[in-house]
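To be precise, the following lines are protein.cif, and they hold mmCIF, N, CA and C atoms.
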data_my_file
loop_
_atom_site.label_atom_id
_atom_site.label_comp_id
_atom_site.auth_asym_id
_atom_site.auth_seq_id
_atom_site.Cartn_x
_atom_site.Cartn_y
_atom_site.Cartn_z
N MET G 1 6.47 12.94 5.17
CA MET G 1 7.23 11.73 5.03
C MET G 1 6.30 10.66 4.49
N TYR G 2 6.80 9.88 3.57
CA TYR G 2 6.00 8.85 2.93
C TYR G 2 6.73 7.52 3.05
N ILE G 3 6.02 6.50 3.48
CA ILE G 3 6.59 5.16 3.60
C ILE G 3 5.78 4.24 2.70
N SER G 4 6.49 3.49 1.89
CA SER G 4 5.84 2.62 0.92
C SER G 4 6.33 1.19 1.08
N SER G 5 5.45 0.26 0.73
CA SER G 5 5.82 -1.14 0.79
C SER G 5 5.01 -1.92 -0.24
N GLU G 6 5.59 -2.97 -0.75
CA GLU G 6 4.89 -3.85 -1.69
C GLU G 6 3.86 -4.72 -0.96
N THR G 7 4.04 -4.86 0.35
CA THR G 7 3.14 -5.70 1.14
C THR G 7 2.61 -4.89 2.32
N TYR G 8 1.66 -5.45 3.02
CA TYR G 8 1.05 -4.83 4.19
C TYR G 8 2.13 -4.51 5.23
N ILE G 9 2.05 -3.33 5.82
CA ILE G 9 3.00 -2.95 6.88
C ILE G 9 2.33 -3.24 8.21
N ASP G 10 2.89 -4.17 8.95
CA ASP G 10 2.34 -4.60 10.23
C ASP G 10 2.40 -3.45 11.24
N SER G 11 1.44 -3.43 12.14
CA SER G 11 1.37 -2.35 13.14
C SER G 11 2.61 -2.32 14.03
N SER G 12 3.27 -3.46 14.26
CA SER G 12 4.48 -3.47 15.09
C SER G 12 5.60 -2.67 14.41
N ILE G 13 5.65 -2.70 13.10
CA ILE G 13 6.65 -1.92 12.35
C ILE G 13 6.33 -0.43 12.46
N ILE G 14 5.06 -0.11 12.36
CA ILE G 14 4.64 1.29 12.48
C ILE G 14 4.96 1.81 13.88
N ASP G 15 4.66 1.01 14.91
CA ASP G 15 4.96 1.41 16.29
C ASP G 15 6.46 1.64 16.48
N PHE G 16 7.27 0.74 15.93
CA PHE G 16 8.72 0.88 16.01
C PHE G 16 9.16 2.18 15.34
N PHE G 17 8.63 2.45 14.17
CA PHE G 17 8.98 3.64 13.42
C PHE G 17 8.61 4.91 14.21
N ILE G 18 7.42 4.92 14.80
CA ILE G 18 6.97 6.07 15.59
C ILE G 18 7.90 6.30 16.78
N LYS G 19 8.29 5.23 17.46
CA LYS G 19 9.20 5.36 18.62
C LYS G 19 10.56 5.91 18.19
N GLU G 20 11.04 5.46 17.04
CA GLU G 20 12.33 5.96 16.54
C GLU G 20 12.24 7.44 16.19
N LEU G 21 11.14 7.86 15.61
CA LEU G 21 10.94 9.28 15.31
C LEU G 21 10.92 10.10 16.59
N GLU G 22 10.20 9.58 17.61
CA GLU G 22 10.09 10.30 18.87
C GLU G 22 11.45 10.42 19.56
N LYS G 23 12.30 9.42 19.42
CA LYS G 23 13.65 9.49 20.00
C LYS G 23 14.44 10.65 19.40
N LYS G 24 14.15 10.98 18.16
CA LYS G 24 14.86 12.06 17.46
C LYS G 24 14.14 13.40 17.60
N GLY G 25 13.08 13.43 18.40
CA GLY G 25 12.38 14.68 18.66
C GLY G 25 11.23 14.97 17.71
N PHE G 26 10.86 14.01 16.89
CA PHE G 26 9.73 14.20 15.98
C PHE G 26 8.47 13.60 16.58
N ARG G 27 7.33 14.07 16.09
CA ARG G 27 6.06 13.55 16.57
C ARG G 27 5.16 13.32 15.36
N LEU G 28 4.52 12.19 15.33
CA LEU G 28 3.61 11.84 14.24
C LEU G 28 2.27 12.53 14.46
N ASN G 29 1.79 13.22 13.46
CA ASN G 29 0.49 13.88 13.55
C ASN G 29 -0.55 12.87 13.06
N LYS G 30 -1.28 12.30 13.99
CA LYS G 30 -2.26 11.26 13.66
C LYS G 30 -3.35 11.77 12.71
N LYS G 31 -3.67 13.08 12.77
CA LYS G 31 -4.70 13.64 11.89
C LYS G 31 -4.26 13.63 10.42
N LYS G 32 -2.95 13.63 10.21
CA LYS G 32 -2.44 13.67 8.84
C LYS G 32 -1.91 12.31 8.37
N THR G 33 -2.11 11.29 9.19
CA THR G 33 -1.63 9.95 8.86
C THR G 33 -2.69 9.22 8.05
N ARG G 34 -2.27 8.69 6.91
CA ARG G 34 -3.21 7.95 6.04
C ARG G 34 -2.55 6.67 5.57
N PHE G 35 -3.39 5.71 5.33
CA PHE G 35 -2.95 4.47 4.71
C PHE G 35 -3.62 4.40 3.35
N MET G 36 -2.83 4.16 2.32
CA MET G 36 -3.36 4.14 0.97
C MET G 36 -3.07 2.81 0.31
N SER G 37 -3.91 2.47 -0.64
CA SER G 37 -3.68 1.27 -1.42
C SER G 37 -3.84 1.61 -2.90
N GLN G 38 -3.56 0.66 -3.75
CA GLN G 38 -3.67 0.89 -5.19
C GLN G 38 -5.12 1.03 -5.63
N LYS G 39 -6.05 0.72 -4.75
CA LYS G 39 -7.48 0.81 -5.11
C LYS G 39 -7.97 2.24 -5.17
N GLY G 40 -7.27 3.15 -4.52
CA GLY G 40 -7.69 4.56 -4.52
C GLY G 40 -6.62 5.46 -5.10
N LYS G 41 -6.96 6.71 -5.29
CA LYS G 41 -6.00 7.69 -5.81
C LYS G 41 -4.96 7.96 -4.73
N ARG G 42 -3.71 7.80 -5.08
CA ARG G 42 -2.63 8.02 -4.13
C ARG G 42 -1.93 9.32 -4.48
N SER G 43 -2.22 10.34 -3.71
CA SER G 43 -1.66 11.66 -3.94
C SER G 43 -0.81 12.06 -2.76
N ILE G 44 0.44 12.42 -3.05
CA ILE G 44 1.37 12.82 -2.00
C ILE G 44 2.00 14.13 -2.42
N THR G 45 1.91 15.14 -1.60
CA THR G 45 2.45 16.47 -1.87
C THR G 45 2.11 16.97 -3.27
N GLY G 46 0.89 16.71 -3.70
CA GLY G 46 0.44 17.21 -5.00
C GLY G 46 0.77 16.32 -6.17
N LEU G 47 1.56 15.30 -5.96
CA LEU G 47 1.88 14.36 -7.03
C LEU G 47 1.04 13.09 -6.87
N VAL G 48 0.84 12.40 -7.96
CA VAL G 48 0.01 11.19 -7.95
C VAL G 48 0.90 10.00 -8.28
N ILE G 49 0.72 8.93 -7.53
CA ILE G 49 1.42 7.68 -7.84
C ILE G 49 0.44 6.82 -8.62
N THR G 50 0.81 6.48 -9.84
CA THR G 50 -0.07 5.69 -10.70
C THR G 50 -0.01 4.22 -10.33
N ASN G 51 -0.94 3.45 -10.85
CA ASN G 51 -0.93 2.01 -10.61
C ASN G 51 0.28 1.34 -11.25
N GLU G 52 0.91 2.03 -12.20
CA GLU G 52 2.13 1.51 -12.84
C GLU G 52 3.37 1.92 -12.04
N LYS G 53 3.14 2.49 -10.85
CA LYS G 53 4.20 2.91 -9.93
C LYS G 53 5.06 4.03 -10.51
N LYS G 54 4.43 4.91 -11.27
CA LYS G 54 5.10 6.08 -11.80
C LYS G 54 4.54 7.32 -11.12
N VAL G 55 5.33 8.37 -11.10
CA VAL G 55 4.88 9.63 -10.51
C VAL G 55 4.28 10.49 -11.61
N SER G 56 3.17 11.12 -11.31
CA SER G 56 2.44 11.93 -12.28
C SER G 56 1.97 13.22 -11.62
N VAL G 57 1.74 14.24 -12.44
CA VAL G 57 1.14 15.47 -11.91
C VAL G 57 -0.36 15.31 -11.79
N GLY G 58 -0.91 14.28 -12.39
CA GLY G 58 -2.34 14.02 -12.36
C GLY G 58 -3.03 14.64 -13.57
N LEU G 59 -4.15 14.07 -13.93
CA LEU G 59 -4.89 14.49 -15.12
C LEU G 59 -5.36 15.94 -15.01
N ASP G 60 -5.89 16.34 -13.86
CA ASP G 60 -6.42 17.70 -13.71
C ASP G 60 -5.35 18.76 -13.95
N LEU G 61 -4.18 18.58 -13.35
CA LEU G 61 -3.12 19.56 -13.52
C LEU G 61 -2.57 19.54 -14.94
N ARG G 62 -2.45 18.36 -15.51
CA ARG G 62 -1.97 18.24 -16.90
C ARG G 62 -2.91 19.00 -17.84
N GLN G 63 -4.21 18.85 -17.64
CA GLN G 63 -5.18 19.57 -18.48
C GLN G 63 -5.11 21.08 -18.24
N LYS G 64 -4.91 21.47 -17.00
CA LYS G 64 -4.78 22.90 -16.68
C LYS G 64 -3.58 23.50 -17.40
N ILE G 65 -2.47 22.78 -17.41
CA ILE G 65 -1.26 23.27 -18.08
C ILE G 65 -1.50 23.39 -19.58
N LYS G 66 -2.13 22.37 -20.17
CA LYS G 66 -2.44 22.43 -21.61
C LYS G 66 -3.33 23.62 -21.92
N SER G 67 -4.29 23.87 -21.07
CA SER G 67 -5.21 24.99 -21.26
C SER G 67 -4.47 26.32 -21.17
N MET G 68 -3.57 26.44 -20.21
CA MET G 68 -2.80 27.68 -20.07
C MET G 68 -1.92 27.93 -21.29
N VAL G 69 -1.28 26.87 -21.80
CA VAL G 69 -0.45 27.01 -23.00
C VAL G 69 -1.31 27.40 -24.19
N TYR G 70 -2.44 26.74 -24.35
CA TYR G 70 -3.36 27.07 -25.44
C TYR G 70 -3.80 28.53 -25.37
N ASN G 71 -4.24 28.96 -24.19
CA ASN G 71 -4.72 30.34 -24.02
C ASN G 71 -3.63 31.36 -24.32
N LYS G 72 -2.39 31.05 -23.98
CA LYS G 72 -1.30 31.97 -24.26
C LYS G 72 -0.96 31.97 -25.75
N MET G 73 -0.91 30.78 -26.34
CA MET G 73 -0.52 30.67 -27.75
C MET G 73 -1.58 31.24 -28.68
N ILE G 74 -2.85 31.01 -28.40
CA ILE G 74 -3.94 31.38 -29.31
C ILE G 74 -4.54 32.74 -28.94
N LYS G 75 -4.76 32.97 -27.65
CA LYS G 75 -5.47 34.18 -27.23
C LYS G 75 -4.56 35.23 -26.58
N ASP G 76 -3.28 34.89 -26.43
CA ASP G 76 -2.31 35.76 -25.76
C ASP G 76 -2.80 36.15 -24.36
N GLU G 77 -3.33 35.15 -23.63
CA GLU G 77 -3.81 35.36 -22.27
C GLU G 77 -2.97 34.53 -21.30
N GLY G 78 -2.72 35.08 -20.14
CA GLY G 78 -2.04 34.34 -19.09
C GLY G 78 -0.70 34.95 -18.74
N ASP G 79 -0.26 34.66 -17.52
CA ASP G 79 1.01 35.15 -17.01
C ASP G 79 2.14 34.22 -17.49
N PRO G 80 3.07 34.75 -18.28
CA PRO G 80 4.15 33.91 -18.82
C PRO G 80 4.96 33.21 -17.73
N ASN G 81 5.21 33.90 -16.62
CA ASN G 81 6.00 33.29 -15.54
C ASN G 81 5.29 32.11 -14.90
N VAL G 82 3.98 32.24 -14.73
CA VAL G 82 3.19 31.15 -14.15
C VAL G 82 3.18 29.96 -15.10
N ILE G 83 2.94 30.23 -16.38
CA ILE G 83 2.89 29.16 -17.38
C ILE G 83 4.23 28.45 -17.46
N MET G 84 5.31 29.20 -17.50
CA MET G 84 6.65 28.60 -17.57
C MET G 84 6.96 27.79 -16.31
N GLY G 85 6.48 28.27 -15.16
CA GLY G 85 6.68 27.52 -13.92
C GLY G 85 5.99 26.17 -13.97
N TYR G 86 4.74 26.17 -14.44
CA TYR G 86 4.01 24.91 -14.57
C TYR G 86 4.66 23.99 -15.61
N LEU G 87 5.10 24.57 -16.73
CA LEU G 87 5.77 23.75 -17.75
C LEU G 87 7.07 23.14 -17.21
N SER G 88 7.82 23.90 -16.44
CA SER G 88 9.05 23.37 -15.84
C SER G 88 8.75 22.22 -14.89
N PHE G 89 7.71 22.41 -14.09
CA PHE G 89 7.30 21.36 -13.16
C PHE G 89 6.90 20.10 -13.93
N LEU G 90 6.09 20.28 -14.98
CA LEU G 90 5.66 19.15 -15.79
C LEU G 90 6.85 18.46 -16.43
N LYS G 91 7.81 19.24 -16.93
CA LYS G 91 8.99 18.67 -17.58
C LYS G 91 9.79 17.80 -16.61
N ASP G 92 9.87 18.23 -15.34
CA ASP G 92 10.60 17.45 -14.33
C ASP G 92 9.88 16.16 -13.97
N VAL G 93 8.54 16.23 -13.87
CA VAL G 93 7.78 15.08 -13.39
C VAL G 93 7.38 14.15 -14.53
N GLU G 94 6.90 14.73 -15.63
CA GLU G 94 6.42 13.94 -16.77
C GLU G 94 6.99 14.49 -18.08
N PRO G 95 8.25 14.18 -18.37
CA PRO G 95 8.86 14.73 -19.58
C PRO G 95 8.11 14.37 -20.86
N LEU G 96 7.50 13.20 -20.93
CA LEU G 96 6.76 12.83 -22.15
C LEU G 96 5.53 13.72 -22.35
N SER G 97 4.82 14.02 -21.27
CA SER G 97 3.66 14.91 -21.37
C SER G 97 4.10 16.32 -21.76
N TYR G 98 5.20 16.76 -21.20
CA TYR G 98 5.75 18.07 -21.56
C TYR G 98 6.04 18.11 -23.06
N ASN G 99 6.73 17.09 -23.56
CA ASN G 99 7.08 17.03 -24.98
C ASN G 99 5.84 17.02 -25.87
N LYS G 100 4.81 16.31 -25.45
CA LYS G 100 3.57 16.26 -26.24
C LYS G 100 2.94 17.64 -26.35
N ILE G 101 2.94 18.40 -25.27
CA ILE G 101 2.38 19.75 -25.30
C ILE G 101 3.20 20.64 -26.21
N ILE G 102 4.51 20.58 -26.09
CA ILE G 102 5.39 21.41 -26.92
C ILE G 102 5.19 21.07 -28.39
N ILE G 103 5.12 19.80 -28.71
CA ILE G 103 4.93 19.37 -30.12
C ILE G 103 3.55 19.81 -30.62
N LYS G 104 2.53 19.60 -29.81
CA LYS G 104 1.16 19.93 -30.22
C LYS G 104 1.03 21.41 -30.57
N TYR G 105 1.59 22.28 -29.75
CA TYR G 105 1.40 23.72 -29.96
C TYR G 105 2.51 24.36 -30.79
N SER G 106 3.50 23.58 -31.21
CA SER G 106 4.57 24.14 -32.03
C SER G 106 4.07 24.53 -33.42
N LYS G 107 2.90 24.05 -33.81
CA LYS G 107 2.34 24.46 -35.11
C LYS G 107 1.98 25.94 -35.11
N TYR G 108 1.91 26.55 -33.93
CA TYR G 108 1.61 27.97 -33.81
C TYR G 108 2.88 28.81 -33.63
N GLY G 109 4.03 28.18 -33.68
CA GLY G 109 5.31 28.87 -33.50
C GLY G 109 6.11 28.23 -32.38
N ASN G 110 7.25 28.84 -32.08
CA ASN G 110 8.10 28.35 -30.99
C ASN G 110 7.36 28.59 -29.67
N VAL G 111 7.00 27.52 -29.02
CA VAL G 111 6.13 27.59 -27.85
C VAL G 111 6.76 28.45 -26.74
N ILE G 112 7.99 28.16 -26.38
CA ILE G 112 8.64 28.87 -25.28
C ILE G 112 8.79 30.35 -25.61
N GLU G 113 9.26 30.65 -26.82
CA GLU G 113 9.42 32.05 -27.23
C GLU G 113 8.08 32.78 -27.20
N LYS G 114 7.05 32.14 -27.70
CA LYS G 114 5.73 32.79 -27.78
C LYS G 114 5.15 33.02 -26.37
N ILE G 115 5.37 32.07 -25.47
CA ILE G 115 4.88 32.25 -24.09
C ILE G 115 5.59 33.43 -23.44
N LEU G 116 6.90 33.53 -23.66
CA LEU G 116 7.69 34.57 -23.00
C LEU G 116 7.58 35.93 -23.65
N SER G 117 7.02 35.98 -24.86
CA SER G 117 6.94 37.30 -25.55
C SER G 117 5.74 38.10 -25.10
#
Rendering of file as structure tokens:
Amino acid sequence: MYISSETYIDSSIIDFFIKELEKKGFRLNKKKTRFMSQKGKRSITGLVITNEKKVSVGLDLRQKIKSMVYNKMIKDEGDPNVIMGYLSFLKDVEPLSYNKIIIKYSKYGNVIEKILS
């Protein structure tokens, strides 16, 4: 569960929230509780929240996906199902990045067809 605010969340609000969760049978795991700010990398369930308040897969994963597409298109290496899974994920989270990859590698043929062949 992720709670976000444009301003500081006072401890009384957090205490209220914890009590309401406990009333419903939930328990907050203090070891997994973090407070984040825009000064650091904000990663939640593998996604990154940018300073522009957009959701991203992050630079590392984006580069990994580009590398997998390149290796499949040029060297015919890699599992097509894994590559397509990553591309689908990228398309859902960052459609512009997905489009850039498809356009970039389309000079080698139809990207999706070539990955699946």
- Task: Report as an MDAnalysis selection string the full result of the PyMOL selection byres (((chain G and resi 58 and name CA) around 12) and name CA) when it is applied to this structure.
- Result: chainID G and resid 41:50 54:57 59:65 90 93:94 97
Find the residues near G:Asn81: any atom within 7 Å, counting only N, CA and C atoms, skip ones fewer than 4 places away on the same chain, and give them as a CSV table (one decimal) with N, CA and C atoms, in the frame of the given file.
chain,number,residue,atom,x,y,z
G,85,GLY,N,6.5,28.3,-15.2
G,85,GLY,CA,6.7,27.5,-13.9
G,85,GLY,C,6.0,26.2,-14.0
G,86,TYR,N,4.7,26.2,-14.4
G,86,TYR,CA,4.0,24.9,-14.6
G,86,TYR,C,4.7,24.0,-15.6
G,115,ILE,N,5.4,32.1,-25.5
G,115,ILE,CA,4.9,32.2,-24.1
G,115,ILE,C,5.6,33.4,-23.4
G,116,LEU,N,6.9,33.5,-23.7
G,116,LEU,CA,7.7,34.6,-23.0
G,116,LEU,C,7.6,35.9,-23.6
- Measure the distance from atom N of G:Lys114 to atom CA of G:Met73 in Å and round it to one decimal. 7.7 Å
Can you list every residue in stretch 1-96 of chain G that DSSP puts in helix (DSSP H, G or I), as an mmCIF file with N, CA and C atoms, in the frame of the given file?
data_model
loop_
_atom_site.group_PDB
_atom_site.id
_atom_site.type_symbol
_atom_site.label_atom_id
_atom_site.label_comp_id
_atom_site.auth_asym_id
_atom_site.auth_seq_id
_atom_site.Cartn_x
_atom_site.Cartn_y
_atom_site.Cartn_z
ATOM 1 N N SER G 11 1.440 -3.430 12.140
ATOM 2 C CA SER G 11 1.370 -2.350 13.140
ATOM 3 C C SER G 11 2.610 -2.320 14.030
ATOM 4 N N SER G 12 3.270 -3.460 14.260
ATOM 5 C CA SER G 12 4.480 -3.470 15.090
ATOM 6 C C SER G 12 5.600 -2.670 14.410
ATOM 7 N N ILE G 13 5.650 -2.700 13.100
ATOM 8 C CA ILE G 13 6.650 -1.920 12.350
ATOM 9 C C ILE G 13 6.330 -0.430 12.460
ATOM 10 N N ILE G 14 5.060 -0.110 12.360
ATOM 11 C CA ILE G 14 4.640 1.290 12.480
ATOM 12 C C ILE G 14 4.960 1.810 13.880
ATOM 13 N N ASP G 15 4.660 1.010 14.910
ATOM 14 C CA ASP G 15 4.960 1.410 16.290
ATOM 15 C C ASP G 15 6.460 1.640 16.480
ATOM 16 N N PHE G 16 7.270 0.740 15.930
ATOM 17 C CA PHE G 16 8.720 0.880 16.010
ATOM 18 C C PHE G 16 9.160 2.180 15.340
ATOM 19 N N PHE G 17 8.630 2.450 14.170
ATOM 20 C CA PHE G 17 8.980 3.640 13.420
ATOM 21 C C PHE G 17 8.610 4.910 14.210
ATOM 22 N N ILE G 18 7.420 4.920 14.800
ATOM 23 C CA ILE G 18 6.970 6.070 15.590
ATOM 24 C C ILE G 18 7.900 6.300 16.780
ATOM 25 N N LYS G 19 8.290 5.230 17.460
ATOM 26 C CA LYS G 19 9.200 5.360 18.620
ATOM 27 C C LYS G 19 10.560 5.910 18.190
ATOM 28 N N GLU G 20 11.040 5.460 17.040
ATOM 29 C CA GLU G 20 12.330 5.960 16.540
ATOM 30 C C GLU G 20 12.240 7.440 16.190
ATOM 31 N N LEU G 21 11.140 7.860 15.610
ATOM 32 C CA LEU G 21 10.940 9.280 15.310
ATOM 33 C C LEU G 21 10.920 10.100 16.590
ATOM 34 N N GLU G 22 10.200 9.580 17.610
ATOM 35 C CA GLU G 22 10.090 10.300 18.870
ATOM 36 C C GLU G 22 11.450 10.420 19.560
ATOM 37 N N LYS G 23 12.300 9.420 19.420
ATOM 38 C CA LYS G 23 13.650 9.490 20.000
ATOM 39 C C LYS G 23 14.440 10.650 19.400
ATOM 40 N N LYS G 30 -1.280 12.300 13.990
ATOM 41 C CA LYS G 30 -2.260 11.260 13.660
ATOM 42 C C LYS G 30 -3.350 11.770 12.710
ATOM 43 N N LYS G 31 -3.670 13.080 12.770
ATOM 44 C CA LYS G 31 -4.700 13.640 11.890
ATOM 45 C C LYS G 31 -4.260 13.630 10.420
ATOM 46 N N LYS G 32 -2.950 13.630 10.210
ATOM 47 C CA LYS G 32 -2.440 13.670 8.840
ATOM 48 C C LYS G 32 -1.910 12.310 8.370
ATOM 49 N N LEU G 59 -4.150 14.070 -13.930
ATOM 50 C CA LEU G 59 -4.890 14.490 -15.120
ATOM 51 C C LEU G 59 -5.360 15.940 -15.010
ATOM 52 N N ASP G 60 -5.890 16.340 -13.860
ATOM 53 C CA ASP G 60 -6.420 17.700 -13.710
ATOM 54 C C ASP G 60 -5.350 18.760 -13.950
ATOM 55 N N LEU G 61 -4.180 18.580 -13.350
ATOM 56 C CA LEU G 61 -3.120 19.560 -13.520
ATOM 57 C C LEU G 61 -2.570 19.540 -14.940
ATOM 58 N N ARG G 62 -2.450 18.360 -15.510
ATOM 59 C CA ARG G 62 -1.970 18.240 -16.900
ATOM 60 C C ARG G 62 -2.910 19.000 -17.840
ATOM 61 N N GLN G 63 -4.210 18.850 -17.640
ATOM 62 C CA GLN G 63 -5.180 19.570 -18.480
ATOM 63 C C GLN G 63 -5.110 21.080 -18.240
ATOM 64 N N LYS G 64 -4.910 21.470 -17.000
ATOM 65 C CA LYS G 64 -4.780 22.900 -16.680
ATOM 66 C C LYS G 64 -3.580 23.500 -17.400
ATOM 67 N N ILE G 65 -2.470 22.780 -17.410
ATOM 68 C CA ILE G 65 -1.260 23.270 -18.080
ATOM 69 C C ILE G 65 -1.500 23.390 -19.580
ATOM 70 N N LYS G 66 -2.130 22.370 -20.170
ATOM 71 C CA LYS G 66 -2.440 22.430 -21.610
ATOM 72 C C LYS G 66 -3.330 23.620 -21.920
ATOM 73 N N SER G 67 -4.290 23.870 -21.070
ATOM 74 C CA SER G 67 -5.210 24.990 -21.260
ATOM 75 C C SER G 67 -4.470 26.320 -21.170
ATOM 76 N N MET G 68 -3.570 26.440 -20.210
ATOM 77 C CA MET G 68 -2.800 27.680 -20.070
ATOM 78 C C MET G 68 -1.920 27.930 -21.290
ATOM 79 N N VAL G 69 -1.280 26.870 -21.800
ATOM 80 C CA VAL G 69 -0.450 27.010 -23.000
ATOM 81 C C VAL G 69 -1.310 27.400 -24.190
ATOM 82 N N TYR G 70 -2.440 26.740 -24.350
ATOM 83 C CA TYR G 70 -3.360 27.070 -25.440
ATOM 84 C C TYR G 70 -3.800 28.530 -25.370
ATOM 85 N N ASN G 71 -4.240 28.960 -24.190
ATOM 86 C CA ASN G 71 -4.720 30.340 -24.020
ATOM 87 C C ASN G 71 -3.630 31.360 -24.320
ATOM 88 N N LYS G 72 -2.390 31.050 -23.980
ATOM 89 C CA LYS G 72 -1.300 31.970 -24.260
ATOM 90 C C LYS G 72 -0.960 31.970 -25.750
ATOM 91 N N MET G 73 -0.910 30.780 -26.340
ATOM 92 C CA MET G 73 -0.520 30.670 -27.750
ATOM 93 C C MET G 73 -1.580 31.240 -28.680
ATOM 94 N N ILE G 74 -2.850 31.010 -28.400
ATOM 95 C CA ILE G 74 -3.940 31.380 -29.310
ATOM 96 C C ILE G 74 -4.540 32.740 -28.940
ATOM 97 N N LYS G 75 -4.760 32.970 -27.650
ATOM 98 C CA LYS G 75 -5.470 34.180 -27.230
ATOM 99 C C LYS G 75 -4.560 35.230 -26.580
ATOM 100 N N PRO G 80 3.070 34.750 -18.280
ATOM 101 C CA PRO G 80 4.150 33.910 -18.820
ATOM 102 C C PRO G 80 4.960 33.210 -17.730
ATOM 103 N N ASN G 81 5.210 33.900 -16.620
ATOM 104 C CA ASN G 81 6.000 33.290 -15.540
ATOM 105 C C ASN G 81 5.290 32.110 -14.900
ATOM 106 N N VAL G 82 3.980 32.240 -14.730
ATOM 107 C CA VAL G 82 3.190 31.150 -14.150
ATOM 108 C C VAL G 82 3.180 29.960 -15.100
ATOM 109 N N ILE G 83 2.940 30.230 -16.380
ATOM 110 C CA ILE G 83 2.890 29.160 -17.380
ATOM 111 C C ILE G 83 4.230 28.450 -17.460
ATOM 112 N N MET G 84 5.310 29.200 -17.500
ATOM 113 C CA MET G 84 6.650 28.600 -17.570
ATOM 114 C C MET G 84 6.960 27.790 -16.310
ATOM 115 N N GLY G 85 6.480 28.270 -15.160
ATOM 116 C CA GLY G 85 6.680 27.520 -13.920
ATOM 117 C C GLY G 85 5.990 26.170 -13.970
ATOM 118 N N TYR G 86 4.740 26.170 -14.440
ATOM 119 C CA TYR G 86 4.010 24.910 -14.570
ATOM 120 C C TYR G 86 4.660 23.990 -15.610
ATOM 121 N N LEU G 87 5.100 24.570 -16.730
ATOM 122 C CA LEU G 87 5.770 23.750 -17.750
ATOM 123 C C LEU G 87 7.070 23.140 -17.210
ATOM 124 N N SER G 88 7.820 23.900 -16.440
ATOM 125 C CA SER G 88 9.050 23.370 -15.840
ATOM 126 C C SER G 88 8.750 22.220 -14.890
ATOM 127 N N PHE G 89 7.710 22.410 -14.090
ATOM 128 C CA PHE G 89 7.300 21.360 -13.160
ATOM 129 C C PHE G 89 6.900 20.100 -13.930
ATOM 130 N N LEU G 90 6.090 20.280 -14.980
ATOM 131 C CA LEU G 90 5.660 19.150 -15.790
ATOM 132 C C LEU G 90 6.850 18.460 -16.430
ATOM 133 N N LYS G 91 7.810 19.240 -16.930
ATOM 134 C CA LYS G 91 8.990 18.670 -17.580
ATOM 135 C C LYS G 91 9.790 17.800 -16.610
ATOM 136 N N ASP G 92 9.870 18.230 -15.340
ATOM 137 C CA ASP G 92 10.600 17.450 -14.330
ATOM 138 C C ASP G 92 9.880 16.160 -13.970
ATOM 139 N N VAL G 93 8.540 16.230 -13.870
ATOM 140 C CA VAL G 93 7.780 15.080 -13.390
ATOM 141 C C VAL G 93 7.380 14.150 -14.530
ATOM 142 N N PRO G 95 8.250 14.180 -18.370
ATOM 143 C CA PRO G 95 8.860 14.730 -19.580
ATOM 144 C C PRO G 95 8.110 14.370 -20.860
ATOM 145 N N LEU G 96 7.500 13.200 -20.930
ATOM 146 C CA LEU G 96 6.760 12.830 -22.150
ATOM 147 C C LEU G 96 5.530 13.720 -22.350
#
- Query: What is the atom C of G:Lys24 to atom N of G:Ser11 distance in Å?
  - Reply: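 Atom N of G:Ser11 lies at a distance of 21.8 Å from atom C of G:Lys24.
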- Message: If we draw a sphere of 12 Å around (3.8, 20.4, -26.7), which residues have at least one atom in it when counting only C-alpha atoms? Please report them as an MDAnalysis selection string.
- Response: chainID G and resid 62 65:70 73 87 90:91 95:112
